Amino acid sequence: MKAVTEREGSVQPATRKKKKKGFWATFKEQKILYGMSLPFIIVVFIFSYLPIWGWLMAFQSYRPGRSVFEQKWVGFDHFVALFTDEKFYLVLRNTLAMSFMGLIVGFTIPILFAVLLNELRGSVFKRTVQTISYLPHFVSWVVVAGIVTKMLSVDGGAVNQLLLWLGIIDQPIQFMAQGSWFWYIVTGSDLWKEMGWNAIIYLAAISGIDQEQFEAAKVDGASRIRQIWHITIPSIAPTIAILLIMSIGHLISIGFEKQFLLGNPLVVDYSQVLDLYALNYGLGMGRFSFGTAIGMFNSIVSIILLLIANGVFKKFTKQSIM
Amino acid sequence: MKQKKRISLLLAVMMMATFVLAACGGDSGNSANGGQKENGGTDAQQEEKLEPMTMTYYSADSNANWVNMQDAVGKKLTEKTGVTIQAEYAVDGSNQKLPLMVASGEYPDLVFAKGDANLFVDAGAFIDLTDLIEEHAPNIKKVYGDYMSRLKWSNEDEAIYVLPTLAAVDHEALDAGGTFQIQHEVLKELGYPELKTVKDYENALKEYYEKHPTIDGQPTIPLTLNADGWRIMISVTNPAFIATGVSDDGEYYIDPETTEAKLHYKRPEEKEYFRWLNHMNASGLLDKETFVQKTDQYEAKISSGRVLGVIDQEWGFGNATNALRSAGKENRTYARFPIQLDESTKDATFQDTGYVAGWGVGITSSAKDPVRIIKFLDYLASEEGQILMNWGIEGEHYNVVDGKRVIPEEVQERKTYDNANFTKETGIGLYNAIFPRYGDGVKDSTGNYYTTNFPETIKENYTPSAKETLKAYGVEMWKDLWPKKEEFPVKPWGVAYNIPVPSDSNINITYKKVEEITRKRIPEIILADPAKFDQLYDQFIKELNDAGAEKMEKEYTELVRQRVELWNS
């Protein structure tokens, strides 16, 4: 693997120096490659760029079933309505809080888990743990929410039973009724559900590390911790960086299933997120324009976050996805 | 080398072609489904009648028993009319799919839009049915009779866009289903005490709870409510006006003298009701999980038989009642009473509304053959159709004995104890939201009732414990405990909650905000320290007003007045 890259590396600059080709020349030479990627570009265009046309709606008082020319134009009214709504800031706070918590926990723990799992000797045990740990990923949020609510219930919930039995508390705690705990409950259940699944990609990256490096380190007398620190972690660093950049891009659009399913009237100040707000106050009420305005805000913030993250990483680690 | 290049070029082209074909394939498939023949030829009438047609249908209500017309009634219906309904039901009874449907501009042929018909009308998606009914639907006309004027959309637009189907014509509620429920077992043990006010109710629950802190080894729950999503209205907030002598007008209270609308929470009487709930919580009688549980947990609790009292409509925990029955804990099912906050008011549940037009089905502009659809609905609305829908197939689900329709015992038994499966197999009652029909208590040309619910069958179908309880209170039906409809004036606006609101109106936005505030604050208020109750409640009302409630109430008052004018012109 390494040898191959080196050879390519040495050959390419040489050919490039010989004649500097223009775009069309390259295009002609690689027309088959271009042709092969064309279908995918078309798909991306149709599904990701064409719908942007619909952003026009955000500046109209959109009524379905009429053409663009029959709509009433209202300028930035919907954005004004959005930014003056107190609720918007509340849901934005909740969204960012939960996504940052999710990012921190949901990022470090799977890496740790993958590294530790990799250190295990018994392959049967290792595989069993791995399989069991990623199974929850396939369980629907509806079911997970049911399990979590039942576990934390005051009416015979396992967690309360355990705490009571240990004598830590003498009255069952209403976990689901504490607004401030809601974020932690969401983060925790998300971690339980996705930890194993997220670890898979790191495990794959780890298994791609050249074993000779470990052997050499062992000969030099490096302890296991040293090996992890100096070989495993640096080797998977590019994977980590790419995934981190991508998840920063998704910070603001975290979906609403978990919050919707785990929430209840008592914690609504902590459970409402941007996507749910867009659904309830936009589409759900037939306010297509308002919904579009929220969507636009969402996309623009996501792009900015992505560019910032990418820029920062490029600067410090020379890793980037663009 | 050249060969290779050609092959890869070919591959690329083929891939592109596949994409294009896939896209086209989807299209042609759709049009083949939806575009059944469009022949309106009159001479081919007879043939056309049996020519198979697929009608697509979307309902904003959920229906767990739909089996794609593979039930007995469904098969018969297809045989009679040639129509197969391809139905889609909302999963959770929410209306979230409707706006998307309107935005896409592609509709099923027939849509049951609940409260959101205005979205379709504003988008021009529902067609005017006035002429269609006039020309092709004598049965539908007959069913609505004098109430045809209540079908008109608005004062400005007198077209008929929606055939009201949720409410049956001339329907009389034969029995009471709400609101304060208490286990038969509790009443029996306490010697059937008089239950008139919430205090009586509380004392009964408390007394039994003190005697039996556990049931079947699990802690007893004296009272629980369901606050999951929209159910909070049924189980927590609506009982506030029910217990203070007002009939259901949704979230509003309409002053009968001035037809002025205001949010019903603002009535001082209701504040006292919530104070009582607050007190129930403070004294430990209200289930601690009331506001965090989901509907399935709520039903599971009730099914375990250890919930003494529930404030909810009967249908709100129907699954649990069925579970209790099948588990042989029939004595743990519930009796219900017209309980009031104090003795100064009487339960107005049965106040007469006249025919409540409103929620129903509309034929969309996507429908290829509206005439065929209206004829299909007309068949359903005919005497033959209605009997088929309600009673099933003669000789199979009912027999005619001495000119009277009688349901055989074994059929009735399954219907009572195994209702879900029975409905799936027979299809009886499954199609009711689709067509205009008569309600309970109306008789057909043979002198039989159109529906299978009439006082006699209801009385027969009470479980032994229910019969025992009723006997102890000296009545034959639950409804007998309630004040009669004659004791109240007729409401000229029908019911306020189905007055359509224009979709560009601010009412909807404010309503949503009010709803969110209510669903958040009411639980908080009920769970608060009783000393803080007044302060929190006043704060809640202020918050409602800050969100624009007063302006919304004014606009709504206007809509109510327009409705009164439209219906009584």
# chains A, B, ... in the order shown; residues from 1 in each chain; ligands from 1
>>> interface_residues(of="chain A", to="chain B", cutoff="7 Å", atoms="only C-alpha atoms", output="PDB file with N, CA and C atoms, in the first residue's frame")
ATOM      1  N   ILE A  32     -13.781   9.301 -20.328  1.00  0.00           N
ATOM      2  CA  ILE A  32     -14.544   8.154 -19.839  1.00  0.00           C
ATOM      3  C   ILE A  32     -14.835   8.306 -18.347  1.00  0.00           C
ATOM      4  N   GLY A  35     -17.480  10.749 -18.024  1.00  0.00           N
ATOM      5  CA  GLY A  35     -18.748  10.142 -18.430  1.00  0.00           C
ATOM      6  C   GLY A  35     -19.323   9.274 -17.340  1.00  0.00           C
ATOM      7  N   MET A  36     -18.439   8.557 -16.656  1.00  0.00           N
ATOM      8  CA  MET A  36     -18.927   7.666 -15.612  1.00  0.00           C
ATOM      9  C   MET A  36     -19.454   8.435 -14.402  1.00  0.00           C
ATOM     10  N   PRO A  39     -23.678  10.504 -14.406  1.00  0.00           N
ATOM     11  CA  PRO A  39     -24.983  10.141 -13.820  1.00  0.00           C
ATOM     12  C   PRO A  39     -25.114  10.604 -12.383  1.00  0.00           C
ATOM     13  N   ARG A  63     -49.011  30.305  -1.663  1.00  0.00           N
ATOM     14  CA  ARG A  63     -50.250  29.520  -1.585  1.00  0.00           C
ATOM     15  C   ARG A  63     -50.128  28.384  -2.572  1.00  0.00           C
ATOM     16  N   PRO A  64     -50.319  27.157  -2.106  1.00  0.00           N
ATOM     17  CA  PRO A  64     -50.119  26.021  -2.999  1.00  0.00           C
ATOM     18  C   PRO A  64     -51.092  26.054  -4.175  1.00  0.00           C
ATOM     19  N   GLY A  65     -50.701  25.397  -5.238  1.00  0.00           N
ATOM     20  CA  GLY A  65     -51.594  25.256  -6.374  1.00  0.00           C
ATOM     21  C   GLY A  65     -51.601  26.454  -7.317  1.00  0.00           C
ATOM     22  N   MET A 176     -37.939  11.729  33.999  1.00  0.00           N
ATOM     23  CA  MET A 176     -38.468  12.303  32.764  1.00  0.00           C
ATOM     24  C   MET A 176     -39.172  13.644  32.989  1.00  0.00           C
ATOM     25  N   ALA A 177     -39.368  14.024  34.246  1.00  0.00           N
ATOM     26  CA  ALA A 177     -40.102  15.267  34.502  1.00  0.00           C
ATOM     27  C   ALA A 177     -39.171  16.440  34.770  1.00  0.00           C
ATOM     28  N   ASN A 264     -42.148  15.308  26.813  1.00  0.00           N
ATOM     29  CA  ASN A 264     -43.497  15.324  27.369  1.00  0.00           C
ATOM     30  C   ASN A 264     -43.783  16.761  27.769  1.00  0.00           C
ATOM     31  N   PRO A 265     -45.040  17.052  28.111  1.00  0.00           N
ATOM     32  CA  PRO A 265     -45.395  18.466  28.355  1.00  0.00           C
ATOM     33  C   PRO A 265     -44.526  19.163  29.399  1.00  0.00           C
ATOM     34  N   LEU A 266     -43.975  18.405  30.328  1.00  0.00           N
ATOM     35  CA  LEU A 266     -43.242  19.054  31.416  1.00  0.00           C
ATOM     36  C   LEU A 266     -41.853  19.513  31.011  1.00  0.00           C
ATOM     37  N   VAL A 268     -41.037  20.501  27.837  1.00  0.00           N
ATOM     38  CA  VAL A 268     -41.117  21.020  26.475  1.00  0.00           C
ATOM     39  C   VAL A 268     -40.141  22.174  26.233  1.00  0.00           C
ATOM     40  N   LEU A 283     -44.706  23.813   7.986  1.00  0.00           N
ATOM     41  CA  LEU A 283     -45.521  22.870   7.215  1.00  0.00           C
ATOM     42  C   LEU A 283     -46.803  22.458   7.907  1.00  0.00           C
ATOM     43  N   GLY A 284     -46.698  22.152   9.200  1.00  0.00           N
ATOM     44  CA  GLY A 284     -47.842  21.637   9.926  1.00  0.00           C
ATOM     45  C   GLY A 284     -49.035  22.577   9.887  1.00  0.00           C
ATOM     46  N   GLY A 286     -49.472  24.699   7.323  1.00  0.00           N
ATOM     47  CA  GLY A 286     -49.646  25.148   5.954  1.00  0.00           C
ATOM     48  C   GLY A 286     -48.901  26.442   5.662  1.00  0.00           C
TER      49      GLY A 286
END
>>> residues_around(residues="Ile252 in chain A", least_positions_apart="6", cutoff="10 Å", atoms="only C-alpha atoms", output="list of chain:residue names")
A:Leu92, A:Thr95, A:Leu96, A:Ala97, A:Met98, A:Ser99, A:Phe100, A:Val273, A:Leu274, A:Asp275, A:Phe297, A:Asn298, A:Ser299, A:Val301, A:Ser302, A:Leu305
>>> write_last_selection(atoms="C-alpha atoms", output="short mmCIF file (atom, residue, chain, number, x, y, z; two decimals), in the first residue's frame")
data_model
loop_
_atom_site.label_atom_id
_atom_site.label_comp_id
_atom_site.auth_asym_id
_atom_site.auth_seq_id
_atom_site.Cartn_x
_atom_site.Cartn_y
_atom_site.Cartn_z
CA LEU A 92 -32.11 27.11 18.68
CA THR A 95 -30.82 22.29 19.25
CA LEU A 96 -27.29 23.57 19.71
CA ALA A 97 -27.05 22.31 23.28
CA MET A 98 -28.12 18.82 22.37
CA SER A 99 -26.03 18.63 19.24
CA PHE A 100 -22.89 19.84 20.99
CA VAL A 273 -35.71 21.52 18.50
CA LEU A 274 -35.44 23.48 15.30
CA ASP A 275 -36.71 20.73 13.01
CA PHE A 297 -31.56 29.60 7.79
CA ASN A 298 -30.74 26.01 8.60
CA SER A 299 -28.86 25.38 5.36
CA VAL A 301 -25.78 28.06 9.06
CA SER A 302 -24.80 24.49 8.20
CA LEU A 305 -20.22 25.79 10.12
#
>>> select_by_dssp(residues="range 377-454 of chain B", states="alpha helix (DSSP H)", output="MDAnalysis selection string")
chainID B and resid 377:381 383:391 409:417 419:426
>>> write_last_selection(atoms="C-alpha atoms", output="compact mmCIF listing (two decimals), in the first residue's frame")
# COMPACT_ATOMS: atom_id res chain seq x y z
CA LEU B 377 -70.69 7.29 -2.34
CA ASP B 378 -74.34 7.48 -3.26
CA TYR B 379 -74.58 3.71 -3.24
CA LEU B 380 -73.02 3.65 0.22
CA ALA B 381 -75.52 6.26 1.37
CA GLU B 383 -80.50 2.13 2.40
CA GLU B 384 -78.94 -1.03 1.00
CA GLY B 385 -75.45 0.42 1.33
CA GLN B 386 -75.91 1.68 4.85
CA ILE B 387 -77.30 -1.63 6.04
CA LEU B 388 -74.38 -3.45 4.44
CA MET B 389 -71.90 -1.11 6.12
CA ASN B 390 -73.50 -1.29 9.54
CA TRP B 391 -74.95 -4.77 9.74
CA GLU B 409 -75.37 -14.60 19.43
CA GLU B 410 -71.97 -15.95 18.38
CA VAL B 411 -71.45 -12.98 16.04
CA GLN B 412 -72.38 -10.55 18.77
CA GLU B 413 -70.08 -12.27 21.21
CA ARG B 414 -67.10 -11.86 18.90
CA LYS B 415 -68.09 -8.30 18.22
CA THR B 416 -68.08 -7.48 21.91
CA TYR B 417 -65.08 -9.42 23.12
CA ASN B 419 -63.75 -6.38 18.34
CA ALA B 420 -60.50 -5.65 16.49
CA ASN B 421 -60.32 -9.02 14.77
CA PHE B 422 -64.03 -9.03 14.16
CA THR B 423 -63.77 -5.70 12.38
CA LYS B 424 -60.83 -6.86 10.30
CA GLU B 425 -62.68 -9.95 9.13
CA THR B 426 -66.12 -8.54 8.55
>>> select_by_dssp(residues="range 21-267 of chain A", states="strand (DSSP E or B)", output="PyMOL selection string")
chain A and resi 60-61+72-73
>>> write_last_selection(atoms="N, CA, C and O atoms", output="tab-separated table (two decimals), in the first residue's frame")
chain	number	residue	atom	x	y	z
A	60	GLN	N	-42.10	34.89	-0.53
A	60	GLN	CA	-43.47	35.07	-1.01
A	60	GLN	C	-44.43	34.73	0.11
A	60	GLN	O	-44.06	34.13	1.10
A	61	SER	N	-45.69	35.10	-0.11
A	61	SER	CA	-46.71	34.56	0.77
A	61	SER	C	-47.31	33.40	-0.01
A	61	SER	O	-48.30	33.53	-0.72
A	72	LYS	N	-47.82	36.20	-4.08
A	72	LYS	CA	-47.59	37.54	-3.57
A	72	LYS	C	-46.18	37.61	-2.97
A	72	LYS	O	-45.79	36.74	-2.20
A	73	TRP	N	-45.44	38.66	-3.37
A	73	TRP	CA	-44.07	38.78	-2.86
A	73	TRP	C	-44.07	39.60	-1.58
A	73	TRP	O	-44.70	40.65	-1.52
>>> atom_distance(atom1="CA of Pro436 in chain B", atom2="CA of Gly354 in chain B")
15.7 Å
>>> residues_around(residues="Tyr438 in chain B", least_positions_apart="4", cutoff="10 Å", atoms="only C-alpha atoms", output="PyMOL selection string")
chain B and resi 143-144+165+167-172+381+383+386+442-444+449-451
>>> closest_residue(among="B:Thr452, B:Ser149, B:Gln351, B:Asn281", to="Pro164 in chain B", atoms="only C-alpha atoms")
B:Ser149
>>> residues_around(residues="range 216-226 of chain A", least_positions_apart="5", cutoff="12 Å", atoms="only C-alpha atoms", output="list in words")
Val115, Leu116, Asn118, Glu119, Leu120, Asp210, Gln211, Ile231, Thr232, Ile233 and Pro234 of chain A
>>> decode(residues="range 60-81 of chain A", atoms="N, CA, C and O atoms", output="compact mmCIF listing (two decimals), in the first residue's frame")
# COMPACT_ATOMS: atom_id res chain seq x y z
N GLN A 60 -42.10 34.89 -0.53
CA GLN A 60 -43.47 35.07 -1.01
C GLN A 60 -44.43 34.73 0.11
O GLN A 60 -44.06 34.13 1.10
N SER A 61 -45.69 35.10 -0.11
CA SER A 61 -46.71 34.56 0.77
C SER A 61 -47.31 33.40 -0.01
O SER A 61 -48.30 33.53 -0.72
N TYR A 62 -46.65 32.27 0.07
CA TYR A 62 -46.92 31.16 -0.85
C TYR A 62 -48.26 30.49 -0.60
O TYR A 62 -48.59 30.15 0.54
N ARG A 63 -49.01 30.31 -1.66
CA ARG A 63 -50.25 29.52 -1.59
C ARG A 63 -50.13 28.38 -2.57
O ARG A 63 -49.83 28.62 -3.74
N PRO A 64 -50.32 27.16 -2.11
CA PRO A 64 -50.12 26.02 -3.00
C PRO A 64 -51.09 26.05 -4.18
O PRO A 64 -52.16 26.66 -4.10
N GLY A 65 -50.70 25.40 -5.24
CA GLY A 65 -51.59 25.26 -6.37
C GLY A 65 -51.60 26.45 -7.32
O GLY A 65 -52.41 26.53 -8.22
N ARG A 66 -50.72 27.42 -7.08
CA ARG A 66 -50.63 28.55 -8.01
C ARG A 66 -49.21 28.63 -8.56
O ARG A 66 -48.28 28.17 -7.92
N SER A 67 -49.07 29.25 -9.72
CA SER A 67 -47.74 29.33 -10.29
C SER A 67 -46.95 30.45 -9.61
O SER A 67 -47.51 31.27 -8.89
N VAL A 68 -45.65 30.44 -9.89
CA VAL A 68 -44.75 31.41 -9.25
C VAL A 68 -45.20 32.85 -9.49
O VAL A 68 -45.06 33.72 -8.63
N PHE A 69 -45.76 33.09 -10.66
CA PHE A 69 -46.07 34.47 -11.03
C PHE A 69 -47.33 34.98 -10.33
O PHE A 69 -47.55 36.16 -10.23
N GLU A 70 -48.15 34.05 -9.85
CA GLU A 70 -49.38 34.47 -9.18
C GLU A 70 -49.18 34.67 -7.68
O GLU A 70 -50.12 35.02 -6.98
N GLN A 71 -47.98 34.38 -7.19
CA GLN A 71 -47.76 34.50 -5.75
C GLN A 71 -47.53 35.95 -5.35
O GLN A 71 -47.10 36.77 -6.16
N LYS A 72 -47.82 36.20 -4.08
CA LYS A 72 -47.59 37.54 -3.57
C LYS A 72 -46.18 37.61 -2.97
O LYS A 72 -45.79 36.74 -2.20
N TRP A 73 -45.44 38.66 -3.37
CA TRP A 73 -44.07 38.78 -2.86
C TRP A 73 -44.07 39.60 -1.58
O TRP A 73 -44.70 40.65 -1.52
N VAL A 74 -43.38 39.12 -0.55
CA VAL A 74 -43.41 39.83 0.72
C VAL A 74 -42.02 40.20 1.23
O VAL A 74 -41.89 40.64 2.37
N GLY A 75 -40.98 39.99 0.43
CA GLY A 75 -39.64 40.36 0.87
C GLY A 75 -39.18 39.54 2.05
O GLY A 75 -39.36 38.32 2.07
N PHE A 76 -38.65 40.22 3.07
CA PHE A 76 -38.05 39.49 4.19
C PHE A 76 -39.01 39.30 5.36
O PHE A 76 -38.58 39.00 6.46
N ASP A 77 -40.31 39.48 5.11
CA ASP A 77 -41.28 39.37 6.20
C ASP A 77 -41.15 38.11 7.03
O ASP A 77 -41.22 38.15 8.26
N HIS A 78 -40.98 36.99 6.35
CA HIS A 78 -40.94 35.72 7.08
C HIS A 78 -39.69 35.61 7.94
O HIS A 78 -39.72 35.01 9.01
N PHE A 79 -38.60 36.20 7.45
CA PHE A 79 -37.37 36.16 8.25
C PHE A 79 -37.51 37.06 9.48
O PHE A 79 -37.05 36.71 10.55
N VAL A 80 -38.18 38.19 9.27
CA VAL A 80 -38.41 39.08 10.41
C VAL A 80 -39.25 38.36 11.45
O VAL A 80 -38.94 38.33 12.64
N ALA A 81 -40.31 37.71 10.98
CA ALA A 81 -41.18 36.96 11.89
C ALA A 81 -40.38 35.90 12.63
O ALA A 81 -40.56 35.68 13.83
